[in-house]
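One file, start35.csv, is given below (CSV, C-alpha atoms and all ligand atoms).
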chain,number,residue,atom,x,y,z
C,21,MET,CA,-52.3,-28.6,-31.4
C,22,LEU,CA,-54.2,-29.9,-28.5
C,23,TYR,CA,-55.0,-27.2,-25.9
C,24,GLY,CA,-56.9,-29.3,-23.5
C,25,GLU,CA,-59.5,-27.9,-21.1
C,26,ARG,CA,-58.0,-24.4,-21.3
C,27,ILE,CA,-56.1,-22.1,-23.7
C,28,ARG,CA,-53.6,-19.8,-22.2
C,29,VAL,CA,-53.5,-16.0,-22.9
C,30,GLY,CA,-51.0,-13.4,-21.6
C,31,LEU,CA,-51.8,-9.7,-21.3
C,32,VAL,CA,-48.9,-7.4,-22.4
C,33,GLY,CA,-49.1,-3.7,-22.3
C,34,ILE,CA,-47.5,-0.5,-21.0
C,35,PRO,CA,-48.2,0.5,-17.4
C,36,SER,CA,-51.7,1.9,-16.6
C,37,SER,CA,-53.2,0.5,-19.8
C,38,GLY,CA,-55.8,-1.4,-17.7
C,39,LYS,CA,-54.3,-4.9,-17.9
C,40,THR,CA,-55.2,-5.8,-14.3
C,41,THR,CA,-58.6,-4.1,-14.7
C,42,ILE,CA,-59.3,-6.4,-17.7
C,43,PHE,CA,-57.9,-9.4,-15.7
C,44,ASN,CA,-60.2,-8.7,-12.8
C,45,LEU,CA,-63.2,-8.2,-15.0
C,46,LEU,CA,-62.7,-11.5,-16.9
C,47,CYS,CA,-61.5,-13.7,-14.0
C,48,LYS,CA,-63.9,-12.1,-11.4
C,49,ALA,CA,-60.8,-11.4,-9.4
C,50,SER,CA,-59.7,-8.5,-7.2
C,51,ALA,CA,-56.0,-8.0,-8.0
C,52,GLU,CA,-54.6,-4.5,-7.1
C,53,VAL,CA,-55.3,-1.7,-9.6
C,54,SER,CA,-54.2,1.9,-9.3
C,55,GLU,CA,-53.5,4.9,-11.5
C,56,TYR,CA,-49.8,4.7,-10.7
C,57,PRO,CA,-47.5,2.9,-13.1
C,58,PHE,CA,-46.1,-0.5,-12.1
C,59,THR,CA,-48.9,-1.4,-9.8
C,60,THR,CA,-48.5,-5.0,-10.8
C,61,LYS,CA,-44.9,-6.1,-10.0
C,62,SER,CA,-44.9,-9.8,-10.8
C,63,LYS,CA,-48.0,-11.6,-12.2
C,64,ASN,CA,-51.7,-12.4,-11.7
C,65,GLN,CA,-53.1,-15.6,-12.9
C,66,GLY,CA,-56.7,-16.6,-13.2
C,67,ILE,CA,-59.4,-18.5,-15.2
C,68,MET,CA,-62.1,-17.0,-17.4
C,69,GLN,CA,-64.9,-19.2,-18.5
C,70,MET,CA,-65.4,-18.9,-22.3
C,71,TYR,CA,-68.7,-17.5,-23.5
C,72,GLU,CA,-70.2,-20.8,-24.6
C,73,PRO,CA,-74.0,-21.0,-24.5
C,74,ARG,CA,-74.0,-24.5,-26.0
C,75,VAL,CA,-72.8,-25.8,-22.6
C,76,GLU,CA,-76.0,-24.8,-20.9
C,77,VAL,CA,-78.1,-26.4,-23.7
C,78,LEU,CA,-76.1,-29.7,-23.5
C,79,SER,CA,-76.1,-29.8,-19.7
C,80,LYS,CA,-79.9,-29.7,-19.7
C,81,ILE,CA,-80.2,-32.6,-22.2
C,82,LEU,CA,-77.6,-34.6,-20.3
C,83,LYS,CA,-78.9,-33.6,-16.8
C,84,SER,CA,-75.3,-33.1,-16.0
C,85,ASN,CA,-74.4,-33.1,-12.3
C,86,GLU,CA,-71.3,-31.0,-12.9
C,87,VAL,CA,-70.4,-28.7,-15.8
C,88,LYS,CA,-67.0,-27.5,-17.0
C,89,TYR,CA,-66.9,-24.7,-19.5
C,90,PRO,CA,-64.0,-24.3,-21.9
C,91,ALA,CA,-61.6,-22.0,-20.1
C,92,VAL,CA,-59.1,-19.3,-20.8
C,93,GLU,CA,-56.2,-19.1,-18.4
C,94,ILE,CA,-55.2,-15.4,-18.2
C,95,VAL,CA,-51.8,-14.2,-17.1
C,96,ASP,CA,-51.4,-10.4,-16.3
C,97,VAL,CA,-47.9,-9.1,-15.8
C,98,ALA,CA,-46.0,-5.9,-15.1
C,99,GLY,CA,-46.1,-3.1,-17.6
C,100,LEU,CA,-43.5,-2.9,-20.4
C,101,ILE,CA,-41.9,0.4,-21.3
C,102,LYS,CA,-39.5,1.8,-23.9
C,103,GLY,CA,-36.0,0.7,-23.0
C,104,ALA,CA,-37.2,-2.3,-21.1
C,105,HIS,CA,-34.6,-4.5,-22.8
C,106,LYS,CA,-32.0,-2.2,-21.3
C,107,GLY,CA,-33.5,-2.5,-17.9
C,108,GLU,CA,-35.9,0.5,-17.9
C,109,GLY,CA,-38.9,0.2,-15.7
C,110,LEU,CA,-39.1,-3.3,-14.4
C,111,GLY,CA,-37.2,-4.6,-17.4
C,112,ASN,CA,-38.6,-7.3,-19.5
C,113,GLU,CA,-37.8,-10.4,-17.4
C,114,PHE,CA,-41.5,-10.9,-16.7
C,115,LEU,CA,-41.9,-11.7,-20.4
C,116,SER,CA,-40.8,-15.2,-19.2
C,117,TYR,CA,-44.3,-15.6,-17.7
C,118,ILE,CA,-45.7,-14.9,-21.2
C,119,ARG,CA,-43.3,-17.2,-23.1
C,120,PRO,CA,-45.0,-20.5,-22.2
C,121,LEU,CA,-48.5,-19.3,-23.2
C,122,ASP,CA,-50.5,-19.9,-26.4
C,123,ILE,CA,-51.7,-16.5,-27.4
C,124,VAL,CA,-50.7,-12.9,-26.6
C,125,CYS,CA,-53.2,-10.1,-26.0
C,126,TYR,CA,-51.6,-6.6,-26.4
C,127,VAL,CA,-53.5,-4.2,-24.2
C,128,LEU,CA,-53.4,-0.6,-25.6
C,129,ARG,CA,-54.9,2.4,-24.0
C,130,HIS,CA,-56.7,5.7,-24.7
C,131,ILE,CA,-57.7,6.7,-21.2
C,132,GLU,CA,-58.2,10.4,-20.8
C,133,SER,CA,-58.9,10.2,-17.1
C,134,VAL,CA,-55.6,8.4,-16.2
C,135,PRO,CA,-52.2,9.9,-16.9
C,136,HIS,CA,-50.1,8.1,-19.6
C,137,ILE,CA,-46.5,7.3,-18.6
C,138,ASP,CA,-45.1,9.2,-21.6
C,139,GLY,CA,-47.6,12.1,-21.2
C,140,LYS,CA,-49.9,11.5,-24.1
C,141,ASP,CA,-52.1,8.6,-25.4
C,142,ASP,CA,-50.9,7.3,-28.7
C,143,ILE,CA,-52.1,3.8,-29.6
C,144,LYS,CA,-50.0,3.2,-32.6
C,145,ARG,CA,-46.8,4.4,-30.9
C,146,ASP,CA,-47.4,2.2,-27.9
C,147,PHE,CA,-48.0,-0.9,-30.0
C,148,ASP,CA,-44.7,-0.2,-31.8
C,149,ILE,CA,-42.9,0.1,-28.5
C,150,LEU,CA,-44.3,-3.2,-27.2
C,151,ARG,CA,-43.3,-5.0,-30.4
C,152,TYR,CA,-39.9,-3.5,-30.4
C,153,GLU,CA,-39.1,-4.4,-26.8
C,154,ILE,CA,-40.4,-8.0,-27.4
C,155,SER,CA,-38.3,-8.4,-30.5
C,156,MET,CA,-35.2,-7.3,-28.7
C,157,SER,CA,-35.9,-9.8,-25.9
C,158,ASP,CA,-36.5,-12.6,-28.5
C,159,LEU,CA,-33.3,-11.7,-30.4
C,160,GLU,CA,-31.4,-12.0,-27.1
C,161,ILE,CA,-32.7,-15.5,-26.7
C,162,ILE,CA,-31.8,-16.3,-30.3
C,163,SER,CA,-28.2,-15.0,-29.9
C,164,ARG,CA,-27.7,-17.3,-26.9
C,165,ARG,CA,-28.8,-20.2,-29.0
C,166,GLU,CA,-26.6,-19.2,-31.8
C,167,GLU,CA,-23.5,-19.1,-29.6
C,168,LYS,CA,-24.1,-22.7,-28.6
C,169,LEU,CA,-24.7,-23.8,-32.1
C,170,LYS,CA,-21.6,-22.0,-33.4
C,171,LYS,CA,-19.4,-23.9,-31.0
C,172,LEU,CA,-21.0,-27.2,-32.2
C,173,SER,CA,-20.6,-26.1,-35.8
C,174,SER,CA,-17.0,-25.3,-35.4
C,175,VAL,CA,-16.3,-28.9,-34.3
C,176,GLY,CA,-17.9,-30.1,-37.5
C,177,GLN,CA,-21.5,-30.7,-36.5
C,178,LYS,CA,-23.5,-30.4,-39.7
C,179,GLU,CA,-26.9,-30.2,-38.0
C,180,ALA,CA,-25.8,-27.2,-36.0
C,181,ARG,CA,-24.8,-25.4,-39.2
C,182,GLU,CA,-28.3,-26.2,-40.7
C,183,THR,CA,-30.0,-24.9,-37.5
C,184,LEU,CA,-28.0,-21.7,-37.7
C,185,LYS,CA,-29.4,-21.1,-41.2
C,186,ILE,CA,-32.9,-21.7,-39.8
C,187,LEU,CA,-32.3,-19.1,-37.1
C,188,GLU,CA,-31.4,-16.5,-39.7
C,189,LYS,CA,-34.9,-16.9,-41.2
C,190,ILE,CA,-36.5,-16.7,-37.8
C,191,LYS,CA,-34.5,-13.5,-37.0
C,192,GLU,CA,-35.8,-11.9,-40.2
C,193,GLN,CA,-39.3,-12.6,-39.0
C,194,ILE,CA,-38.6,-11.2,-35.6
C,195,GLU,CA,-37.6,-8.0,-37.4
C,196,ASN,CA,-40.8,-8.2,-39.5
C,197,PHE,CA,-42.8,-8.5,-36.3
C,198,ALA,CA,-41.2,-5.4,-34.8
C,199,GLN,CA,-41.7,-3.4,-38.1
C,200,ASN,CA,-45.0,-4.7,-39.4
C,201,ALA,CA,-46.6,-6.8,-36.7
C,202,LYS,CA,-46.2,-9.9,-38.9
C,203,PHE,CA,-44.4,-13.2,-38.4
C,204,LYS,CA,-44.4,-15.7,-41.3
C,205,VAL,CA,-41.4,-17.7,-42.3
C,206,GLU,CA,-41.2,-19.0,-45.9
C,207,TRP,CA,-39.8,-22.5,-45.3
C,208,GLU,CA,-38.0,-24.2,-48.2
C,209,SER,CA,-39.0,-27.8,-47.4
C,210,GLU,CA,-41.3,-29.7,-45.1
C,211,ASP,CA,-38.2,-30.9,-43.3
C,212,GLU,CA,-37.0,-27.3,-42.7
C,213,ARG,CA,-40.5,-26.4,-41.6
C,214,ALA,CA,-40.6,-29.1,-39.0
C,215,LYS,CA,-37.1,-28.1,-37.6
C,216,GLY,CA,-38.0,-24.4,-37.7
C,217,GLU,CA,-41.2,-24.8,-35.9
C,218,LYS,CA,-39.5,-26.9,-33.3
C,219,GLU,CA,-37.0,-24.1,-32.7
C,220,ILE,CA,-39.7,-21.5,-32.5
C,221,SER,CA,-41.6,-23.4,-29.9
C,222,SER,CA,-38.7,-24.6,-27.8
C,223,LEU,CA,-37.3,-21.0,-27.7
C,224,ASN,CA,-40.7,-19.7,-26.8
C,225,LEU,CA,-40.5,-16.7,-29.0
C,226,VAL,CA,-43.2,-14.1,-28.2
C,227,SER,CA,-42.9,-12.5,-31.6
C,228,ALA,CA,-44.1,-15.7,-33.2
C,229,LYS,CA,-47.2,-16.2,-31.1
C,230,PRO,CA,-50.7,-15.6,-32.4
C,231,PHE,CA,-52.0,-12.4,-31.0
C,232,PHE,CA,-54.9,-9.9,-30.8
C,233,VAL,CA,-55.2,-6.4,-29.5
C,234,ILE,CA,-57.5,-4.8,-26.9
C,235,ILE,CA,-57.9,-1.0,-27.0
C,236,ASN,CA,-59.0,0.0,-23.5
C,237,THR,CA,-60.7,3.4,-23.3
C,238,ASP,CA,-62.9,5.7,-21.4
C,239,ILE,CA,-64.1,7.8,-24.3
C,240,SER,CA,-67.6,7.6,-25.7
C,241,THR,CA,-68.5,4.5,-27.8
C,242,SER,CA,-69.3,6.8,-30.8
C,243,ARG,CA,-65.6,7.3,-31.1
C,244,TRP,CA,-64.5,3.7,-30.8
C,245,ASP,CA,-64.1,3.2,-34.6
C,246,GLU,CA,-61.7,6.2,-34.6
C,247,LEU,CA,-59.5,4.3,-32.1
C,248,LYS,CA,-59.7,1.1,-34.2
C,249,ASN,CA,-58.6,3.1,-37.3
C,250,SER,CA,-55.4,4.2,-35.6
C,251,LEU,CA,-54.1,0.6,-36.3
C,252,LYS,CA,-55.5,0.5,-39.8
C,253,GLY,CA,-53.1,-1.3,-42.2
C,254,LYS,CA,-51.1,-2.6,-39.3
C,255,ILE,CA,-53.4,-5.5,-38.3
C,256,GLU,CA,-56.6,-7.0,-39.5
C,257,ASP,CA,-59.9,-5.6,-38.0
C,258,GLU,CA,-60.9,-9.0,-36.6
C,259,LYS,CA,-57.9,-8.9,-34.3
C,260,ILE,CA,-58.9,-5.7,-32.6
C,261,ILE,CA,-61.3,-5.4,-29.7
C,262,VAL,CA,-62.3,-2.0,-28.2
C,263,CYS,CA,-63.7,-1.9,-24.7
C,264,ASP,CA,-64.1,0.2,-21.5
C,265,ALA,CA,-63.1,-2.4,-18.9
C,266,LEU,CA,-63.6,-0.2,-15.9
C,267,SER,CA,-67.2,0.7,-16.8
C,268,GLU,CA,-68.0,-3.0,-17.6
C,269,MET,CA,-66.8,-3.8,-14.1
C,270,GLU,CA,-69.6,-1.7,-12.7
C,271,ILE,CA,-72.5,-3.4,-14.5
C,272,ASP,CA,-73.8,-6.9,-14.7
C,273,GLU,CA,-72.6,-8.7,-17.9
C,274,LYS,CA,-76.3,-9.2,-19.0
C,275,GLU,CA,-76.8,-5.4,-18.8
C,276,VAL,CA,-73.8,-4.5,-20.9
C,277,ARG,CA,-75.8,-5.2,-24.1
C,278,ASN,CA,-78.3,-2.5,-23.1
C,279,TYR,CA,-75.6,0.0,-23.9
C,280,GLY,CA,-75.1,-1.4,-27.4
C,281,ILE,CA,-71.9,-3.1,-26.4
C,282,THR,CA,-70.9,-6.8,-26.6
C,283,PRO,CA,-69.5,-8.0,-23.3
C,284,LEU,CA,-65.7,-8.3,-23.3
C,285,ARG,CA,-65.8,-11.9,-22.3
C,286,GLU,CA,-67.8,-12.8,-25.4
C,287,LEU,CA,-65.6,-10.7,-27.7
C,288,ILE,CA,-62.5,-12.3,-26.4
C,289,THR,CA,-63.9,-15.8,-26.6
C,290,ASN,CA,-64.8,-15.3,-30.3
C,291,THR,CA,-61.5,-13.7,-31.1
C,292,ILE,CA,-59.5,-16.4,-29.4
C,293,LYS,CA,-61.5,-19.1,-31.3
C,294,LYS,CA,-60.7,-17.4,-34.6
C,295,ILE,CA,-57.0,-16.7,-34.1
C,296,GLY,CA,-56.2,-19.9,-32.2
C,297,ASN,CA,-58.0,-21.8,-35.0
C,298,VAL,CA,-60.0,-23.5,-32.3
C,299,VAL,CA,-62.6,-26.2,-32.2
C,300,ILE,CA,-64.6,-26.9,-29.0
C,301,PHE,CA,-66.0,-30.4,-28.3
C,302,PHE,CA,-67.7,-31.9,-25.4
C,303,THR,CA,-67.7,-35.2,-23.5
C,304,GLY,CA,-70.2,-36.5,-21.0
C,305,PHE,CA,-72.8,-39.1,-20.1
C,306,GLU,CA,-76.3,-38.6,-18.7
C,307,GLY,CA,-76.3,-37.6,-15.1
C,308,LYS,CA,-72.5,-37.3,-15.0
C,309,GLU,CA,-70.0,-34.5,-15.6
C,310,LEU,CA,-70.1,-32.5,-18.8
C,311,ARG,CA,-66.6,-31.4,-19.9
C,312,SER,CA,-65.5,-29.1,-22.7
C,313,TRP,CA,-62.3,-29.5,-24.7
C,314,ILE,CA,-60.2,-27.2,-26.9
C,315,VAL,CA,-58.3,-28.4,-29.9
C,316,GLN,CA,-57.1,-26.9,-33.2
C,317,LYS,CA,-59.0,-27.5,-36.4
C,318,GLY,CA,-57.9,-30.7,-38.1
C,319,THR,CA,-57.5,-32.7,-34.9
C,320,THR,CA,-58.6,-36.3,-35.2
C,321,VAL,CA,-60.6,-38.2,-32.6
C,322,PHE,CA,-57.7,-40.5,-32.0
C,323,GLU,CA,-55.4,-37.5,-31.1
C,324,ALA,CA,-58.1,-36.1,-28.9
C,325,ALA,CA,-58.5,-39.4,-27.1
C,326,GLY,CA,-54.8,-39.2,-26.1
C,327,MET,CA,-55.4,-35.7,-24.7
C,328,ILE,CA,-58.2,-36.9,-22.5
C,329,HIS,CA,-56.5,-40.0,-21.2
C,330,SER,CA,-53.6,-42.0,-22.5
C,331,ASP,CA,-55.5,-45.3,-21.9
C,332,MET,CA,-58.3,-44.0,-24.2
C,333,GLN,CA,-55.8,-43.7,-27.0
C,334,LYS,CA,-53.9,-46.9,-26.3
C,335,GLY,CA,-57.1,-49.0,-26.2
C,336,PHE,CA,-59.1,-46.9,-28.8
C,337,ILE,CA,-61.8,-49.0,-30.5
C,338,SER,CA,-64.2,-46.4,-32.1
C,339,ALA,CA,-66.1,-43.3,-31.2
C,340,GLU,CA,-69.6,-42.0,-31.3
C,341,VAL,CA,-70.3,-38.4,-32.3
C,342,ALA,CA,-73.4,-36.2,-32.1
C,343,LYS,CA,-73.5,-33.0,-34.1
C,344,TYR,CA,-74.6,-30.1,-31.9
C,345,GLU,CA,-77.4,-28.9,-34.3
C,346,GLU,CA,-79.0,-32.4,-34.3
C,347,TYR,CA,-78.4,-33.2,-30.6
C,348,LYS,CA,-79.9,-30.0,-29.3
C,349,LYS,CA,-83.3,-30.9,-30.8
C,350,PHE,CA,-83.9,-33.5,-28.1
C,351,THR,CA,-84.8,-33.2,-24.5
C,352,SER,CA,-82.9,-36.2,-23.2
C,353,ASP,CA,-79.8,-38.1,-24.1
C,354,LYS,CA,-81.7,-41.4,-24.4
C,355,GLU,CA,-84.1,-39.9,-26.9
C,356,ALA,CA,-81.3,-38.5,-29.0
C,357,TYR,CA,-79.5,-41.9,-28.9
C,358,GLN,CA,-82.6,-43.8,-29.9
C,359,ASN,CA,-83.1,-41.4,-32.8
C,360,GLY,CA,-79.7,-42.2,-34.2
C,361,VAL,CA,-78.1,-38.8,-33.4
C,362,PHE,CA,-74.8,-40.5,-32.4
C,363,ILE,CA,-72.8,-41.7,-35.4
C,364,LYS,CA,-70.1,-44.3,-35.2
C,365,VAL,CA,-66.7,-43.0,-36.5
C,366,GLY,CA,-63.1,-44.4,-36.7
C,367,LYS,CA,-59.9,-43.0,-35.4
C,368,ASP,CA,-59.2,-40.7,-38.4
C,369,TYR,CA,-62.5,-38.8,-37.9
C,370,ILE,CA,-61.7,-35.0,-37.8
C,371,ILE,CA,-63.5,-33.3,-34.9
C,372,GLU,CA,-65.9,-30.5,-35.7
C,373,ASP,CA,-66.9,-27.6,-33.6
C,374,GLY,CA,-69.7,-28.5,-31.2
C,375,ASP,CA,-69.4,-32.3,-31.4
C,376,THR,CA,-70.3,-34.4,-28.4
C,377,ILE,CA,-68.0,-37.3,-28.4
C,378,ARG,CA,-68.0,-40.7,-26.7
C,379,ILE,CA,-64.9,-42.8,-27.1
C,380,LYS,CA,-65.0,-46.6,-26.8
C,381,PHE,CA,-61.8,-48.2,-25.6
C,382,LYS,CA,-60.5,-51.3,-23.8
C,383,VAL,CA,-58.1,-51.1,-20.9
C,401,LIG,N1,-62.1,5.1,-17.1
C,401,LIG,C1,-61.4,4.0,-17.3
C,401,LIG,N2,-60.3,3.8,-16.5
C,401,LIG,C2,-59.6,2.6,-16.6
C,401,LIG,C3,-60.0,1.6,-17.6
C,401,LIG,N3,-59.1,0.6,-17.4
C,401,LIG,C4,-58.3,0.9,-16.4
C,401,LIG,N4,-58.6,2.2,-15.9
C,401,LIG,C5,-57.9,2.9,-14.8
C,401,LIG,O1,-56.5,3.0,-15.2
C,401,LIG,C6,-55.7,2.8,-14.1
C,401,LIG,C7,-54.7,1.7,-14.4
C,401,LIG,O2,-55.4,0.4,-14.4
C,401,LIG,P1,-54.7,-1.0,-14.1
C,401,LIG,O3,-55.7,-2.0,-14.4
C,401,LIG,O4,-54.0,-0.9,-12.8
C,401,LIG,O5,-53.5,-0.9,-15.3
C,401,LIG,P2,-52.3,-1.9,-15.5
C,401,LIG,O6,-52.1,-1.9,-17.0
C,401,LIG,O7,-52.6,-3.2,-14.8
C,401,LIG,O8,-51.1,-1.1,-14.8
C,401,LIG,P3,-49.7,-1.7,-14.3
C,401,LIG,O9,-50.0,-2.9,-13.4
C,401,LIG,O10,-49.2,-0.5,-13.5
C,401,LIG,O11,-48.9,-2.1,-15.5
C,401,LIG,C8,-56.6,2.6,-12.9
C,401,LIG,O12,-56.8,3.8,-12.2
C,401,LIG,C9,-57.9,2.1,-13.6
C,401,LIG,O13,-59.0,2.3,-12.8
C,401,LIG,C10,-61.1,1.9,-18.4
C,401,LIG,O14,-61.5,1.0,-19.2
C,401,LIG,N5,-61.8,3.0,-18.2
C,402,MG,MG,-51.5,-4.2,-13.4

Now that the file is in, can you turn its structure into structure tokens?
Amino acid sequence: MLYGERIRVGLVGIPSSGKTTIFNLLCKASAEVSEYPFTTKSKNQGIMQMYEPRVEVLSKILKSNEVKYPAVEIVDVAGLIKGAHKGEGLGNEFLSYIRPLDIVCYVLRHIESVPHIDGKDDIKRDFDILRYEISMSDLEIISRREEKLKKLSSVGQKEARETLKILEKIKEQIENFAQNAKFKVEWESEDERAKGEKEISSLNLVSAKPFFVIINTDISTSRWDELKNSLKGKIEDEKIIVCDALSEMEIDEKEVRNYGITPLRELITNTIKKIGNVVIFFTGFEGKELRSWIVQKGTTVFEAAGMIHSDMQKGFISAEVAKYEEYKKFTSDKEAYQNGVFIKVGKDYIIEDGDTIRIKFKV
């Protein structure tokens, strides 16, 4: 998977869980926030710079005239409530804004100072409701696809019959997502896997997307572990972030650490890197623009070349790669170059996190 210069994350949560507050904090935006449910009626979209200190180090060596951090595009939508698939609240149509994105962030709340739409905070119940509503919406999409395929199958299309079998497996996992917060199809063959994954991605199923959880709260940090524990057994610890987004809004990011807290932007960056299976690499020449790129582990330099520019892939000759830990020891690009930090590689080279890459190509 080639994400490009940004990876896209959607915030999904019940009303008044603090989605827009989190959005404003991360994207330095000022979208409307209030303690009344359904404050956000359609969507907010913004960009968060990843927490990536390596960019500053590299830009000093390269004397970059412009710097682009790896970015996270964040989409904040209306709140989802019980019965949304039957049209309760604002319904679930706005999930269509989430469908094209790479990762879902479920925002759950334990906010004692703001009323909960169902009267009482309950992290586990809310997470169950969100997954149930999403699975109902996904099943609706599947059933529309099934109808089409059944018609084709009835006139003897063999492939349609095969796809229907694949959809059965996907449906099982949508149920699994609703029940257990897991989605993992056991494919019978590589061929079936390829077809199945194509179905999942073209149907844009939210249940199948990688996800993490933010628990947004106003209670004392000494009780944050307690909140985390309310999801124990449901999801892995590394997928859960606890924060107080409103309080973080009020202090400078640098000062957040003085309270013994890691800034939300840093926590989210690290979580996204982990669950998106992400590798960050850089391109840039001395005195020019430094750019950051996001790809999945296992991406070759040839695939990455095509992501940067189609000409680069078409005319690919070779690439030079500098490992971050080596490159950072030098004060200028020239010095690093002369000391052999850049190593020549072929098109099958698999990109590693922190690589600075220069691609040679002919047009
Ligand atoms: N104390 C505290 N209050 C918060 C926190 N996050 C959000 N709030 C408050 O909770 C209320 C709802 O916040 P929003 O950001 O509007 O919530 P939302 O999820 O976007 O709500 P909808 O758009 O209605 O779905 C506001 O009054 C916020 O100030 C937090 O971390 N701590
Ligand atoms: Mg909102």

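Reported to one decimal place, the separation of CA of Gly38 (chain C) from CA of Ile261 (chain C) is 13.8 Å.
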
List every protein, DNA or RNA residue with an atom no more than 9 Å from (-61.8, -3.1, -25.4) in the file's coordinates, counting only C-alpha atoms, and format the result as a list in words.
-> Ile42, Val127, Leu128, Arg129, Val233, Ile234, Ile235, Asn236, Thr237, Ile260, Ile261, Val262, Cys263, Asp264, Ala265, Leu284 and Leu287 of chain C

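Considering only C-alpha atoms, the residue among C:Glu323, C:Glu167, C:Glu179, C:Asp373 positioned nearest to Val341 (chain C) is C:Asp373.
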
Report as CSV the residues of chain C within 8 Å of ligand LIG 401 (chain C), each with its shortest atom pair and distance in Å (one decimal), using only C-alpha atoms and all ligand atoms, ordered by chain and increasing residue number.
residue,atom,partner,partner_atom,distance
C:Gly33,CA,C:LIG401,O6,6.4
C:Ile34,CA,C:LIG401,O11,5.9
C:Pro35,CA,C:LIG401,O11,3.3
C:Ser36,CA,C:LIG401,O8,3.5
C:Ser37,CA,C:LIG401,O6,3.8
C:Gly38,CA,C:LIG401,O3,3.4
C:Lys39,CA,C:LIG401,O6,3.8
C:Thr40,CA,C:LIG401,O7,3.7
C:Thr41,CA,C:LIG401,O3,3.6
C:Ile42,CA,C:LIG401,O3,6.6
C:Phe43,CA,C:LIG401,O3,7.8
C:Glu52,CA,C:LIG401,O4,6.8
C:Val53,CA,C:LIG401,O4,3.5
C:Ser54,CA,C:LIG401,O12,4.3
C:Glu55,CA,C:LIG401,O12,3.5
C:Tyr56,CA,C:LIG401,O10,5.9
C:Pro57,CA,C:LIG401,O10,3.8
C:Phe58,CA,C:LIG401,O10,3.4
C:Thr59,CA,C:LIG401,O10,3.8
C:Thr60,CA,C:LIG401,O9,3.7
C:Lys61,CA,C:LIG401,O9,6.9
C:Asp96,CA,C:LIG401,O7,7.5
C:Val97,CA,C:LIG401,O9,7.0
C:Ala98,CA,C:LIG401,O11,4.8
C:Gly99,CA,C:LIG401,O11,3.6
C:Leu100,CA,C:LIG401,O11,7.3
C:Val127,CA,C:LIG401,O6,7.7
C:Ile131,CA,C:LIG401,C1,6.0
C:Glu132,CA,C:LIG401,N1,7.5
C:Ser133,CA,C:LIG401,N1,6.0
C:Val134,CA,C:LIG401,O1,5.6
C:Asn236,CA,C:LIG401,O14,5.1
C:Thr237,CA,C:LIG401,O14,4.8
C:Asp238,CA,C:LIG401,N5,4.3
C:Ile239,CA,C:LIG401,N1,7.9
C:Cys263,CA,C:LIG401,O14,6.6
C:Asp264,CA,C:LIG401,O14,3.6
C:Ala265,CA,C:LIG401,O14,3.8
C:Leu266,CA,C:LIG401,O14,4.1
C:Ser267,CA,C:LIG401,N5,6.0
C:Glu268,CA,C:LIG401,O14,7.8

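For the pair CA of Glu286 (chain C) and CA of Pro73 (chain C), the separation is 10.3 Å.
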
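You will find CA of Glu93 (chain C) at 13.9 Å from CA of Arg119 (chain C).
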
Skipping near chain neighbours, those fewer than 4 positions away, what residues fall within 12 Å of region 354-367 of chain C using all atoms listed in the file, listed as a ChimeraX atom specification?
-> /C:78,81-83,305-307,319-326,332-350,371,375-381

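In terms of minimum interatomic distance to Thr351 (chain C), C:Val77 ranks closest within C:Val383, C:Leu310, C:Leu251, C:Val77, counting only C-alpha atoms.
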
Distance query Leu184 (chain C) at most 8 Å, all atoms listed in the file, self and fewer than 6 positions along chain excluded, as JSON, numbers by chain | {"C": [166, 169, 170]}
